[in-house]
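Asker: My structure is below; once you've seen it, I'll send some questions.
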Amino acid sequence: MIQSLTPNTQAIALLTAPLLVGQRGAPSEALTPGEYKRLARSLYERQAQPSDLLAPDADMLLDALASVADPARLRRLLDRGFLLSQALERWQARAIWLMSRADSSYPSRVKSRLREDAPALLYGCGDPALLEAGGLAVVGSREVAPELLSYTEGVGSLVASAGRAVVSGGARGIDQAAMHGALQAGGQVIGVLAD
């Protein structure tokens, strides 16, 4: 079963997601975060939403957005429906979910803190509800003495015993030690990966 996306999330994914997996080095036409931010703002000002770009009568709206993004480029991106369905199948086979900031399940704390700079799309695996719970962020150096790694594992264990999650980047060193300590104590971890 393929993950069902809302029409807004479909449009956002078509506009911003790199759908050609394995094509490293190939130039992507997908909108950058800054470009999508400007597009989203312009849609909002027109009392429109991303899904309106998928409507059969979207040509006038696309042309009205010409000052923000090239309408021909937007049309090419929005015509990638088949690629999106293939990507969704690949992601689902790897237990990866996708949500957009237009979804009600998008973490409110991310929206409230980052506002229009919140990422248009979030990819993840595991329980997305953990993103609402927060926790203690632990980040640090990759190259540290063994006693500091042991201390950091203890911090992770304490966080778990307090019923909170460790939020970290998962990198070697301090990040992994905190996450490992929390998991060993039966706690939860949230790994936030770059890019």
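Ligands are numbered from 1 in the order shown, chains are lettered A, B, ... in the order of the structure tokens, and residues start at 1 in each chain.
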Using only C-alpha atoms, which residues of segment 78-165 of chain A come within 12 Å of segment 41-56 of chain A, and what is the closest atom pair for each, with the distance in Å to one decimal? Give it as JSON lines, sorted by chain and residue number.
Answerer:
{"residue": "A:Leu78", "atom": "CA", "partner": "A:Leu54", "partner_atom": "CA", "distance": 7.1}
{"residue": "A:Asp79", "atom": "CA", "partner": "A:Leu54", "partner_atom": "CA", "distance": 9.0}
{"residue": "A:Arg80", "atom": "CA", "partner": "A:Leu54", "partner_atom": "CA", "distance": 11.3}
{"residue": "A:Gly81", "atom": "CA", "partner": "A:Leu54", "partner_atom": "CA", "distance": 10.3}
{"residue": "A:Ser100", "atom": "CA", "partner": "A:Pro50", "partner_atom": "CA", "distance": 10.8}
{"residue": "A:Arg101", "atom": "CA", "partner": "A:Pro50", "partner_atom": "CA", "distance": 11.0}
{"residue": "A:Ala102", "atom": "CA", "partner": "A:Pro50", "partner_atom": "CA", "distance": 8.7}
{"residue": "A:Asp103", "atom": "CA", "partner": "A:Pro50", "partner_atom": "CA", "distance": 11.8}
{"residue": "A:Arg115", "atom": "CA", "partner": "A:Arg41", "partner_atom": "CA", "distance": 11.5}
{"residue": "A:Glu116", "atom": "CA", "partner": "A:Arg41", "partner_atom": "CA", "distance": 8.3}
{"residue": "A:Asp117", "atom": "CA", "partner": "A:Arg41", "partner_atom": "CA", "distance": 11.0}
{"residue": "A:Ala120", "atom": "CA", "partner": "A:Pro50", "partner_atom": "CA", "distance": 11.1}
Asker: Mind the document's chain letters and residue numbers, and return as a VMD selection string the residues of segment 1-158 of chain A that DSSP labels strand (DSSP E).
Answerer: chain A and resid 97 to 100 121 to 124 135 to 137
Asker: Find the residues near Ala178 of chain A: any atom within 10 Å, counting only C-alpha atoms, skip ones fewer than 6 places away on the same chain, and give them as a ChimeraX atom specification.
Answerer: /A:136-140,149-159,166-168,170,184,189
Asker: Pick out the residues sitting within 7 Å of Ala30 of chain A, and hand them over as number ranges by chain; count only C-alpha atoms, and ignore anything fewer than 2 positions along from it in its own chain.
Answerer: A: 15-18, 28, 32, 77
Asker: For Leu19 of chain A, list every protein, DNA or RNA residue within 7 Å, evaluated using only C-alpha atoms, and leave out those in the same chain fewer than 5 positions away; present the list as a list in words.
Answerer: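 Everything that qualifies: Leu83, Leu84 and Ala87 of chain A.
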Asker: Output the selection as a PDB file, in the first residue's frame - N, CA and C atoms for each residue.
Answerer:
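Saved the output as part.pdb:
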ATOM      1  N   LEU A  83       6.889  10.061 -11.344  1.00  0.00           N
ATOM      2  CA  LEU A  83       8.113   9.984 -10.541  1.00  0.00           C
ATOM      3  C   LEU A  83       7.798  10.026  -9.046  1.00  0.00           C
ATOM      4  N   LEU A  84       6.816  10.846  -8.671  1.00  0.00           N
ATOM      5  CA  LEU A  84       6.430  10.912  -7.260  1.00  0.00           C
ATOM      6  C   LEU A  84       5.873   9.579  -6.799  1.00  0.00           C
ATOM      7  N   ALA A  87       8.784   7.271  -6.265  1.00  0.00           N
ATOM      8  CA  ALA A  87       9.537   7.637  -5.059  1.00  0.00           C
ATOM      9  C   ALA A  87       8.786   7.210  -3.808  1.00  0.00           C
TER      10      ALA A  87
END
Asker: Residues of segment 17-116 of chain A in alpha helix (DSSP H) according to DSSP, as an MDAnalysis selection string?
Answerer: chainID A and resid 33:45 59:64 71:78 81:93 108:114
Asker: Grab the atom CA of Arg142 of chain A to atom CA of Ala177 of chain A distance for me, in Å with one decimal place.
Answerer: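 Between atom CA of Arg142 of chain A and atom CA of Ala177 of chain A the gap is 10.0 Å.
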Asker: Using only C-alpha atoms, which of A:Glu29, A:Glu143, A:Asp175, A:Asp127 sits nearest Asp70 of chain A?
Answerer: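 Counting only C-alpha atoms, the residue closest to Asp70 of chain A is A:Glu29.
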